[in-house]
Amino acid sequence: MDIHSRAIYSGSVIISDGKIKAIEKCETESKDYILPGFVDAHVHIESSMVTPSQFAVTAVRHGTVAVVSDPHEIANVLGVPGVEFMLNDAGRVPLTFLFGAPSCVPATTFETSGASINAVETEKLLNNPQIGYLAEMMNFPGVIFGDSEVTAKVDAARKAGKLIDGHAPGLSGKDLEKYVSAGITTDHECSSINEAEEKINLGMKILIREGSAAKNLNALKPLFVSHPDNIMLCSDDLHPEMLQKGHINVVVSRLINEGYDIFEVLRSASLNPCIHYKLKTGLLRPGDNADFIVIKDLTTMKVIQTWLNGICVFDDNKVLFNAGKIDLLNRFNASRVNEKELKVKNIPGSYRIIKAFNGELFTDSFTADTGENEYLESNTATDILKIVVKDRYNDAPPAVAFINGFGLKKGAFATSVAHDSHNIIAVGTNDKQISEAINMVIDRKGGMAVVYGDKERILALPVAGIMSDKPVETVAKEYEELSELVKGLGCILDAPFMTLSFMALLVIPKLKIGDRGLFDVSAFSPTTLFID
């Protein structure tokens with residue numbers, strides 16, 4: 001398929017020294033199709049819970065030949081050494097990784113993270129030829145109001161000749177104009193056509209996100225008709241069980257089956273990100289790197305072969321390279337917790353409760369009477385459960401609050417995947433099992449744990465406490481089993497661990513909990529459990 005001339009014809013691809021020497025038309029019809037490989041224009045590899053090399057082993061099965069990745073999850077744990085780990089591990093496999101320099105580590109100053117990356121360190125990263133851009137600038141107020149540290153990072157990117165990725169959900173009007181004028185070129189947070197069109201009209205490229213945590217394709221797919229040159233496809237966060245089933249190819253197949261122009265769809269998944277990010281990934285032209293895929297048909301996008309730099313890396317359902325072994329690195333200094341630390345001494349009156357929603361990152365809040373008991377406890381009848389965040393980087397006491405919306409009837413579960421600082425977060429029906437779940441994570445220095453009755457189970461995440469060194473299929477299987485186990489304990493959420501992991505994200509409204517306590521995102525300030 002020639003996406004440049006919008007043509008489909010029979011032909012042969014001639015390869016020499018990893019490059020496409022020629023593409024020759026022929027009369028013989030083929031049942032298979034050759035087309036450019038797919039590019040994920042924005043992804044956090046860490047969300048797949050595997051290392052870049054293990055990610056690559058699975059991604060090539062789905063025709064992915066390149067990813068644009070922001071390593072800010074591991075950066076929040078380990079700082080610059082975490083970014084360097086991602087670069088080194090990615091360098092051992094043939095998939096193209098373009099990593100950015102994380103721009104907002106930590107995400108806020110109201111929680112404890114494992115590391116920080118200041119403007120001086122950011123500038124050093126940007127001068128590294130392996131770093132392709134300044135990753136998503138989440139601190140859009142800092143851009144708009146001229147925060148000195150934010151401005152220094154943006155200026156460093158411009159000086160280095162590197163692109164700047166955006167992150168500005170709902171930003172509009174004069175504030176958006178000021179944000180874009182700083183040189184910010186993309187946004188992956190659009191949730192409506194009006195928002196996307198306003199940003200496109202100011203010169204931004206829109207990355208249409210369809211991942212595990214957030215899905216915007218349905219709202220934004222009319223852009224394939226109105227603004228096809230200004231859009232790309234991305235996953236942002238893709239959990240292991242979803243990566244196991246498919247990647248960008250799934251989104252491409254869906255759009256084609258819905259009747260969108262096949263060439264515009266393919267360009268959004270290949271040409272557009274390659275041009276914008278200046279990727280060296282081949283686009284099926286003479287002189288390009290020989291990066292392409294072979295598929296059975298144009299509706300399922302079932303990949304038969306994936307080629308990178310003239311070498312077939314996936315063929316006949318077999319990946320033809322290995323991820324290899326890595327040296328584990330981590331930062332985990334927390335001591336175990338005990339039940340007494342989770343006790344909440346009652347103050348008569350009322351208290352705040354986080355309200356979680358299925359499949360959503362945002363929360364709401366409500367209040368309830370404290371009652372007359374000496375201590376506040378979980379109440380499964382009203383679905384008001386204890387939620388706990390434990391600082392994993394220091395020997396500090398846990399923060400305890402209450403949450404509604406999980407529906408758990410027994411047991412507890414905990415995880416060290418807690419965006420963005422990745423402290424330990426847990427929810428449960430009683431203090432004993434909450435503490436046991438947290439301690440399982442602490443003992444393994446990272447993981448996802450479930451405690452129910454006298455039984456317990458954990459998925460270990462020994463790489464920075466957020467990734468496994470095992471293959472995707474292994475992690476996906478364990479992750480799905482744990483999720484089903486939690487649902488079996490009464491949890492009503494489709495993705496219990498994913499929802500829990502975002503309850504500590506202090507930049508998404510409305511009421512969240514960090515390691516220092518409750519946080520009112522609307523007021524962008526800490527708040528108290530009890531109401532005066």
# chains A, B, ... in the order shown; residues from 1 in each chain; ligands from 1

call {"tool": "residues_around", "arguments": {"residues": "Pro471 in chain A", "least_positions_apart": "3", "cutoff": "9 Å", "atoms": "only C-alpha atoms", "output": "ChimeraX atom specification"}}
result
/A:50-51,54-55,57-58,323,468,474-476

call {"tool": "residues_around", "arguments": {"residues": "Ile3 in chain A", "least_positions_apart": "3", "cutoff": "8 Å", "atoms": "only C-alpha atoms", "output": "PyMOL selection string"}}
result
chain A and resi 6-7+263+266-267

call {"tool": "atom_distance", "arguments": {"atom1": "CA of Ala414 in chain A", "atom2": "CA of His44 in chain A"}}
result
21.4 Å

call {"tool": "residues_around", "arguments": {"residues": "Val388 in chain A", "least_positions_apart": "5", "cutoff": "12 Å", "atoms": "only C-alpha atoms", "output": "tab-separated table (two decimals) with C-alpha atoms, in the first residue's frame"}}
result
chain	number	residue	atom	x	y	z
A	337	VAL	CA	2.95	-1.04	58.76
A	339	GLU	CA	-2.88	-2.29	62.22
A	341	GLU	CA	-1.21	2.87	62.36
A	342	LEU	CA	-4.41	2.57	60.35
A	343	LYS	CA	-6.72	3.44	63.22
A	344	VAL	CA	-8.68	6.68	62.75
A	378	SER	CA	-14.74	0.55	56.85
A	397	PRO	CA	3.33	6.94	58.87
A	398	PRO	CA	0.57	6.10	56.38
A	399	ALA	CA	-2.19	8.50	55.34
A	400	VAL	CA	-5.70	7.14	55.91
A	401	ALA	CA	-9.02	8.30	54.46
A	402	PHE	CA	-12.26	6.80	53.15
A	403	ILE	CA	-13.62	6.03	49.69
A	412	ALA	CA	-8.10	-5.85	50.76
A	413	PHE	CA	-5.77	-5.08	47.88
A	414	ALA	CA	-2.74	-2.84	47.42
A	415	THR	CA	-0.37	-1.68	44.70
A	416	SER	CA	2.86	0.28	44.30
A	418	ALA	CA	0.10	4.79	42.06
A	423	ASN	CA	3.79	5.27	46.67
A	424	ILE	CA	1.79	2.30	47.98
A	425	ILE	CA	-1.98	2.66	47.85
A	426	ALA	CA	-4.48	0.20	49.32
A	427	VAL	CA	-8.19	-0.18	49.93
A	428	GLY	CA	-9.94	-2.75	52.07
A	429	THR	CA	-12.65	-3.84	54.45
A	430	ASN	CA	-10.59	-4.15	57.65
A	431	ASP	CA	-7.32	-2.88	59.07
A	433	GLN	CA	-5.98	-7.24	55.81
A	434	ILE	CA	-5.19	-3.73	54.55
A	435	SER	CA	-1.93	-3.80	56.52
A	437	ALA	CA	-1.66	-6.28	51.65
A	438	ILE	CA	0.57	-3.22	52.10
A	500	LEU	CA	-7.01	2.47	42.61
A	501	SER	CA	-3.74	3.60	41.03
A	503	MET	CA	-6.80	7.73	43.36
A	504	ALA	CA	-3.39	9.16	44.31
A	512	LYS	CA	-7.71	12.50	46.00
A	513	ILE	CA	-5.31	11.11	48.60
A	514	GLY	CA	-1.52	11.36	48.70
A	515	ASP	CA	0.97	10.11	51.24
A	516	ARG	CA	0.39	13.30	53.26
A	517	GLY	CA	-3.40	13.02	53.35
A	518	LEU	CA	-6.46	14.20	51.42

call {"tool": "select_by_dssp", "arguments": {"residues": "range 138-213 of chain A", "states": "strand (DSSP E)", "output": "mmCIF file with C-alpha atoms, in the first residue's frame"}}
result
data_model
loop_
_atom_site.group_PDB
_atom_site.id
_atom_site.type_symbol
_atom_site.label_atom_id
_atom_site.label_comp_id
_atom_site.auth_asym_id
_atom_site.auth_seq_id
_atom_site.Cartn_x
_atom_site.Cartn_y
_atom_site.Cartn_z
ATOM 1 C CA LEU A 163 9.967 19.480 20.237
ATOM 2 C CA ILE A 164 7.745 20.120 23.256
ATOM 3 C CA ASP A 165 4.770 17.866 23.956
ATOM 4 C CA GLY A 166 1.675 19.237 25.650
ATOM 5 C CA THR A 186 0.836 18.565 20.691
ATOM 6 C CA ASP A 187 -1.971 17.594 23.016
ATOM 7 C CA LYS A 205 -1.218 18.413 16.527
ATOM 8 C CA ILE A 206 -3.856 16.259 18.222
ATOM 9 C CA LEU A 207 -2.917 12.816 19.482
ATOM 10 C CA ILE A 208 -6.117 10.782 19.614
ATOM 11 C CA ARG A 209 -5.872 8.581 22.676
#

call {"tool": "atom_distance", "arguments": {"atom1": "CA of Asp297 in chain A", "atom2": "CA of Asp32 in chain A"}}
result
6.7 Å

call {"tool": "atom_distance", "arguments": {"atom1": "CA of Val39 in chain A", "atom2": "CA of Lys199 in chain A"}}
result
22.1 Å

call {"tool": "residues_around", "arguments": {"residues": "range 188-190 of chain A", "least_positions_apart": "2", "cutoff": "6 Å", "atoms": "only C-alpha atoms", "output": "ChimeraX atom specification"}}
result
/A:169,192,196,207

call {"tool": "residues_around", "arguments": {"residues": "Gly203 in chain A", "least_positions_apart": "2", "cutoff": "10 Å", "atoms": "only C-alpha atoms", "output": "mmCIF file with N, CA and C atoms, in the first residue's frame"}}
result
data_model
loop_
_atom_site.group_PDB
_atom_site.id
_atom_site.type_symbol
_atom_site.label_atom_id
_atom_site.label_comp_id
_atom_site.auth_asym_id
_atom_site.auth_seq_id
_atom_site.Cartn_x
_atom_site.Cartn_y
_atom_site.Cartn_z
ATOM 1 N N GLU A 177 -3.841 30.075 24.137
ATOM 2 C CA GLU A 177 -2.987 30.805 23.190
ATOM 3 C C GLU A 177 -1.592 31.021 23.788
ATOM 4 N N VAL A 180 0.325 27.615 23.890
ATOM 5 C CA VAL A 180 0.820 27.208 22.567
ATOM 6 C C VAL A 180 1.964 28.116 22.117
ATOM 7 N N SER A 181 1.870 29.401 22.445
ATOM 8 C CA SER A 181 2.903 30.344 22.013
ATOM 9 C C SER A 181 4.261 30.055 22.641
ATOM 10 N N GLY A 183 5.644 27.354 22.430
ATOM 11 C CA GLY A 183 6.298 26.393 21.541
ATOM 12 C C GLY A 183 5.808 24.970 21.728
ATOM 13 N N ILE A 184 4.707 24.811 22.421
ATOM 14 C CA ILE A 184 4.174 23.475 22.687
ATOM 15 C C ILE A 184 3.362 23.015 21.483
ATOM 16 N N THR A 185 3.636 21.800 21.012
ATOM 17 C CA THR A 185 3.186 21.401 19.682
ATOM 18 C C THR A 185 2.075 20.358 19.635
ATOM 19 N N THR A 186 1.822 19.645 20.742
ATOM 20 C CA THR A 186 0.836 18.565 20.691
ATOM 21 C C THR A 186 -0.062 18.589 21.929
ATOM 22 N N GLU A 197 -10.447 21.144 17.796
ATOM 23 C CA GLU A 197 -10.385 22.096 16.681
ATOM 24 C C GLU A 197 -9.775 23.426 17.105
ATOM 25 N N GLU A 198 -10.076 23.863 18.322
ATOM 26 C CA GLU A 198 -9.468 25.105 18.803
ATOM 27 C C GLU A 198 -7.954 24.956 18.879
ATOM 28 N N LYS A 199 -7.495 23.819 19.362
ATOM 29 C CA LYS A 199 -6.053 23.598 19.473
ATOM 30 C C LYS A 199 -5.400 23.426 18.104
ATOM 31 N N ILE A 200 -6.077 22.749 17.187
ATOM 32 C CA ILE A 200 -5.543 22.607 15.823
ATOM 33 C C ILE A 200 -5.426 23.970 15.157
ATOM 34 N N ASN A 201 -6.429 24.810 15.339
ATOM 35 C CA ASN A 201 -6.417 26.142 14.725
ATOM 36 C C ASN A 201 -5.288 27.013 15.251
ATOM 37 N N LYS A 205 -0.847 19.720 17.043
ATOM 38 C CA LYS A 205 -1.218 18.413 16.527
ATOM 39 C C LYS A 205 -1.983 17.681 17.633
ATOM 40 N N ILE A 206 -3.029 16.965 17.250
ATOM 41 C CA ILE A 206 -3.856 16.259 18.222
ATOM 42 C C ILE A 206 -3.546 14.770 18.182
ATOM 43 N N ASN A 230 -3.513 16.592 10.770
ATOM 44 C CA ASN A 230 -3.133 17.144 12.078
ATOM 45 C C ASN A 230 -3.389 16.185 13.234
#

call {"tool": "residues_around", "arguments": {"residues": "Leu308 in chain A", "least_positions_apart": "3", "cutoff": "10 Å", "atoms": "only C-alpha atoms", "output": "PyMOL selection string"}}
result
chain A and resi 18-19+37+60+64-66+94-96+281-282+289-293+311-314

call {"tool": "select_by_dssp", "arguments": {"residues": "range 53-169 of chain A", "states": "alpha helix (DSSP H)", "output": "number ranges by chain"}}
result
A: 53-59, 72-78, 80-90, 119-126, 140-144, 148-160

call {"tool": "residues_around", "arguments": {"residues": "Asn373 in chain A", "least_positions_apart": "2", "cutoff": "12 Å", "atoms": "only C-alpha atoms", "output": "ChimeraX atom specification"}}
result
/A:344-349,369-371,375-377

call {"tool": "closest_atom_pairs", "arguments": {"of": "range 228-330 of chain A", "to": "range 445-452 of chain A", "cutoff": "12 Å", "atoms": "only C-alpha atoms", "output": "tab-separated table"}}
result
residue	atom	partner	partner_atom	distance
A:Leu328	CA	A:Lys445	CA	11.4
A:Leu329	CA	A:Lys445	CA	10.5
A:Asn330	CA	A:Lys445	CA	7.9
